[in-house]
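K.L.:
Got a structure here, written out as structure tokens. Questions coming.
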Amino acid sequence: MSSEAACRPPAGSTYLCVGQDLFSVNEYVMSQYNYSLHVDINSTADAEVDVSDNTHHLSASSFVPSSFMVYTDLQTLRGLWAATDYGSGIQYANGLLDLFPSIDHSQAAAGLQIGLWLNGTQGCYSICEGELDNQIEQLIAYLEHSRASKILLRLGYEFDNPSFGYSDHPE
């Protein structure tokens, strides 16, 4: 795998992934932007500033993280192409990419981290039996056609959480 294809930041830097719902990501970006404006105002209050020179201000797009966290499940794939709410806020992968498009169209949009719930032990059996082949094909199609610059797929996240239905005695 080439270093350009790897999901790792360049040497000496980090990737910031923010989630987990549409509202929270938007609030994070806008609060960072708002804070930067206040810092800028306070740092230049006593200095003579040429107000026609707008180059010292950062845009809101300067605070967009390198990737966004979203959750879906293999059975329905809700939250990828269309908005859904599992009770903890709107999950919407394409919506996040739409909300924060690439500034420079020559570079890719932000990345995605997708938490993919497999529906516990029963879902794992369904995968092995081929019952979810169609959903797997749909997921592959989403991954292949996504505008995200990078995608980190977290299969079966939180296997150690009893409420997610994975057996601690696999057969």
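We label chains A, B, ... in the order they appear in the structure tokens, count residues from 1 in each chain, and number ligands from 1 in the order shown.
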Contacts of region 18-21 of chain A at 6 Å or less, counting only C-alpha atoms, minus same-chain residues fewer than 2 places along, as a PDB file with all heavy atoms, in the first residue's frame?

P.N.:
```pdb
ATOM      1  N   PHE A  23     -25.085  17.400  14.117  1.00  0.00           N
ATOM      2  CA  PHE A  23     -25.155  18.604  14.924  1.00  0.00           C
ATOM      3  C   PHE A  23     -23.855  18.836  15.701  1.00  0.00           C
ATOM      4  O   PHE A  23     -23.314  19.944  15.706  1.00  0.00           O
ATOM      5  CB  PHE A  23     -26.340  18.526  15.900  1.00  0.00           C
ATOM      6  CG  PHE A  23     -26.425  19.697  16.830  1.00  0.00           C
ATOM      7  CD1 PHE A  23     -26.958  20.900  16.405  1.00  0.00           C
ATOM      8  CD2 PHE A  23     -25.964  19.585  18.135  1.00  0.00           C
ATOM      9  CE1 PHE A  23     -27.022  21.988  17.271  1.00  0.00           C
ATOM     10  CE2 PHE A  23     -26.028  20.667  19.006  1.00  0.00           C
ATOM     11  CZ  PHE A  23     -26.562  21.873  18.571  1.00  0.00           C
ATOM     12  N   SER A  24     -23.350  17.794  16.340  1.00  0.00           N
ATOM     13  CA  SER A  24     -22.136  17.937  17.149  1.00  0.00           C
ATOM     14  C   SER A  24     -20.924  18.322  16.313  1.00  0.00           C
ATOM     15  O   SER A  24     -20.106  19.141  16.729  1.00  0.00           O
ATOM     16  CB  SER A  24     -21.840  16.638  17.902  1.00  0.00           C
ATOM     17  OG  SER A  24     -22.876  16.346  18.797  1.00  0.00           O
ATOM     18  N   VAL A  25     -20.809  17.741  15.132  1.00  0.00           N
ATOM     19  CA  VAL A  25     -19.683  18.081  14.255  1.00  0.00           C
ATOM     20  C   VAL A  25     -19.782  19.538  13.833  1.00  0.00           C
ATOM     21  O   VAL A  25     -18.800  20.292  13.885  1.00  0.00           O
ATOM     22  CB  VAL A  25     -19.633  17.153  13.022  1.00  0.00           C
ATOM     23  CG1 VAL A  25     -18.599  17.642  12.015  1.00  0.00           C
ATOM     24  CG2 VAL A  25     -19.329  15.727  13.443  1.00  0.00           C
ATOM     25  N   PHE A  68     -14.713  12.599   9.723  1.00  0.00           N
ATOM     26  CA  PHE A  68     -15.925  12.620  10.538  1.00  0.00           C
ATOM     27  C   PHE A  68     -16.287  11.194  10.933  1.00  0.00           C
ATOM     28  O   PHE A  68     -16.111  10.266  10.157  1.00  0.00           O
ATOM     29  CB  PHE A  68     -17.107  13.197   9.750  1.00  0.00           C
ATOM     30  CG  PHE A  68     -16.830  14.518   9.123  1.00  0.00           C
ATOM     31  CD1 PHE A  68     -16.778  14.640   7.744  1.00  0.00           C
ATOM     32  CD2 PHE A  68     -16.624  15.649   9.891  1.00  0.00           C
ATOM     33  CE1 PHE A  68     -16.526  15.866   7.145  1.00  0.00           C
ATOM     34  CE2 PHE A  68     -16.367  16.875   9.306  1.00  0.00           C
ATOM     35  CZ  PHE A  68     -16.316  16.987   7.928  1.00  0.00           C
ATOM     36  N   MET A  69     -16.822  11.038  12.143  1.00  0.00           N
ATOM     37  CA  MET A  69     -17.246   9.735  12.643  1.00  0.00           C
ATOM     38  C   MET A  69     -18.745   9.591  12.455  1.00  0.00           C
ATOM     39  O   MET A  69     -19.505  10.487  12.819  1.00  0.00           O
ATOM     40  CB  MET A  69     -16.904   9.620  14.134  1.00  0.00           C
ATOM     41  CG  MET A  69     -17.397   8.356  14.801  1.00  0.00           C
ATOM     42  SD  MET A  69     -16.558   6.934  14.133  1.00  0.00           S
ATOM     43  CE  MET A  69     -17.750   5.665  14.442  1.00  0.00           C
ATOM     44  N   VAL A  70     -19.164   8.483  11.870  1.00  0.00           N
ATOM     45  CA  VAL A  70     -20.584   8.165  11.725  1.00  0.00           C
ATOM     46  C   VAL A  70     -20.796   6.694  12.069  1.00  0.00           C
ATOM     47  O   VAL A  70     -19.865   5.894  12.023  1.00  0.00           O
ATOM     48  CB  VAL A  70     -21.113   8.448  10.300  1.00  0.00           C
ATOM     49  CG1 VAL A  70     -21.060   9.925   9.984  1.00  0.00           C
ATOM     50  CG2 VAL A  70     -20.371   7.648   9.258  1.00  0.00           C
ATOM     51  N   GLY A  89     -28.729  11.529  17.952  1.00  0.00           N
ATOM     52  CA  GLY A  89     -28.438  12.589  16.992  1.00  0.00           C
ATOM     53  C   GLY A  89     -28.400  12.038  15.576  1.00  0.00           C
ATOM     54  O   GLY A  89     -28.357  10.827  15.358  1.00  0.00           O
ATOM     55  N   ILE A  90     -28.428  12.945  14.626  1.00  0.00           N
ATOM     56  CA  ILE A  90     -28.484  12.572  13.215  1.00  0.00           C
ATOM     57  C   ILE A  90     -27.157  11.982  12.756  1.00  0.00           C
ATOM     58  O   ILE A  90     -26.109  12.605  12.877  1.00  0.00           O
ATOM     59  CB  ILE A  90     -28.833  13.793  12.337  1.00  0.00           C
ATOM     60  CG1 ILE A  90     -30.203  14.357  12.698  1.00  0.00           C
ATOM     61  CG2 ILE A  90     -28.749  13.453  10.849  1.00  0.00           C
ATOM     62  CD1 ILE A  90     -31.363  13.433  12.422  1.00  0.00           C
ATOM     63  N   GLN A  91     -27.235  10.769  12.218  1.00  0.00           N
ATOM     64  CA  GLN A  91     -26.105  10.116  11.555  1.00  0.00           C
ATOM     65  C   GLN A  91     -26.319  10.296  10.059  1.00  0.00           C
ATOM     66  O   GLN A  91     -27.386   9.940   9.545  1.00  0.00           O
ATOM     67  CB  GLN A  91     -26.056   8.622  11.886  1.00  0.00           C
ATOM     68  CG  GLN A  91     -25.888   8.322  13.350  1.00  0.00           C
ATOM     69  CD  GLN A  91     -24.517   8.742  13.857  1.00  0.00           C
ATOM     70  OE1 GLN A  91     -23.499   8.479  13.239  1.00  0.00           O
ATOM     71  NE2 GLN A  91     -24.503   9.428  14.981  1.00  0.00           N
TER      72      GLN A  91
END
```

K.L.:
Dump as a tab-separated table the rows for residues of region 106-158 of chain A within 6 Å of region 59-67 of chain A: closest atom pair and distance in Å with one decimal, only C-alpha atoms counted, ordered by chain and rising residue number.

P.N.:
```
residue	atom	partner	partner_atom	distance
A:Ala110	CA	A:Ser67	CA	5.1
A:Gly111	CA	A:Ser67	CA	4.1
A:Leu112	CA	A:Ser67	CA	5.0
```

K.L.:
Report the distance between CA of Ser167 (chain A) and CA of Cys128 (chain A) in Å, rounded to one decimal place.

P.N.:
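Calculated distance between CA of Ser167 (chain A) and CA of Cys128 (chain A) is 15.4 Å.
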
K.L.:
List the neighbours of Leu153 (chain A) out to 8 Å using only C-alpha atoms; skip same-chain residues closer than 6 positions along the sequence, and give me the result as a PDB file with all heavy atoms, in the first residue's frame.

P.N.:
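Written out: result14.pdb:
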```pdb
ATOM      1  N   GLN A 113     -14.842   8.000   9.243  1.00  0.00           N
ATOM      2  CA  GLN A 113     -14.645   6.816  10.077  1.00  0.00           C
ATOM      3  C   GLN A 113     -16.050   6.256  10.273  1.00  0.00           C
ATOM      4  O   GLN A 113     -16.924   6.947  10.803  1.00  0.00           O
ATOM      5  CB  GLN A 113     -14.015   7.177  11.419  1.00  0.00           C
ATOM      6  CG  GLN A 113     -13.808   5.974  12.285  1.00  0.00           C
ATOM      7  CD  GLN A 113     -13.325   6.303  13.688  1.00  0.00           C
ATOM      8  OE1 GLN A 113     -13.494   5.483  14.568  1.00  0.00           O
ATOM      9  NE2 GLN A 113     -12.745   7.452  13.942  1.00  0.00           N
ATOM     10  N   ILE A 114     -16.274   5.049   9.808  1.00  0.00           N
ATOM     11  CA  ILE A 114     -17.602   4.455   9.868  1.00  0.00           C
ATOM     12  C   ILE A 114     -17.600   3.320  10.880  1.00  0.00           C
ATOM     13  O   ILE A 114     -16.886   2.332  10.715  1.00  0.00           O
ATOM     14  CB  ILE A 114     -18.038   3.922   8.485  1.00  0.00           C
ATOM     15  CG1 ILE A 114     -18.061   5.060   7.461  1.00  0.00           C
ATOM     16  CG2 ILE A 114     -19.404   3.241   8.582  1.00  0.00           C
ATOM     17  CD1 ILE A 114     -18.321   4.590   6.036  1.00  0.00           C
ATOM     18  N   GLY A 115     -18.392   3.483  11.930  1.00  0.00           N
ATOM     19  CA  GLY A 115     -18.597   2.420  12.899  1.00  0.00           C
ATOM     20  C   GLY A 115     -19.714   1.525  12.385  1.00  0.00           C
ATOM     21  O   GLY A 115     -20.854   1.972  12.255  1.00  0.00           O
ATOM     22  N   LEU A 116     -19.401   0.287  12.036  1.00  0.00           N
ATOM     23  CA  LEU A 116     -20.363  -0.629  11.419  1.00  0.00           C
ATOM     24  C   LEU A 116     -20.773  -1.703  12.417  1.00  0.00           C
ATOM     25  O   LEU A 116     -20.015  -2.627  12.711  1.00  0.00           O
ATOM     26  CB  LEU A 116     -19.754  -1.277  10.167  1.00  0.00           C
ATOM     27  CG  LEU A 116     -20.651  -2.209   9.382  1.00  0.00           C
ATOM     28  CD1 LEU A 116     -21.806  -1.438   8.733  1.00  0.00           C
ATOM     29  CD2 LEU A 116     -19.849  -2.952   8.327  1.00  0.00           C
TER      30      LEU A 116
END
```

K.L.:
Using only C-alpha atoms, which protein or nucleic acid residues come within 10 Å of Gly123 (chain A)? Drop anything in the same chain fewer than 4 positions from it, and give the result as a ChimeraX atom specification.

P.N.:
/A:73-75,117-119,127-129,131-132,156,165-166
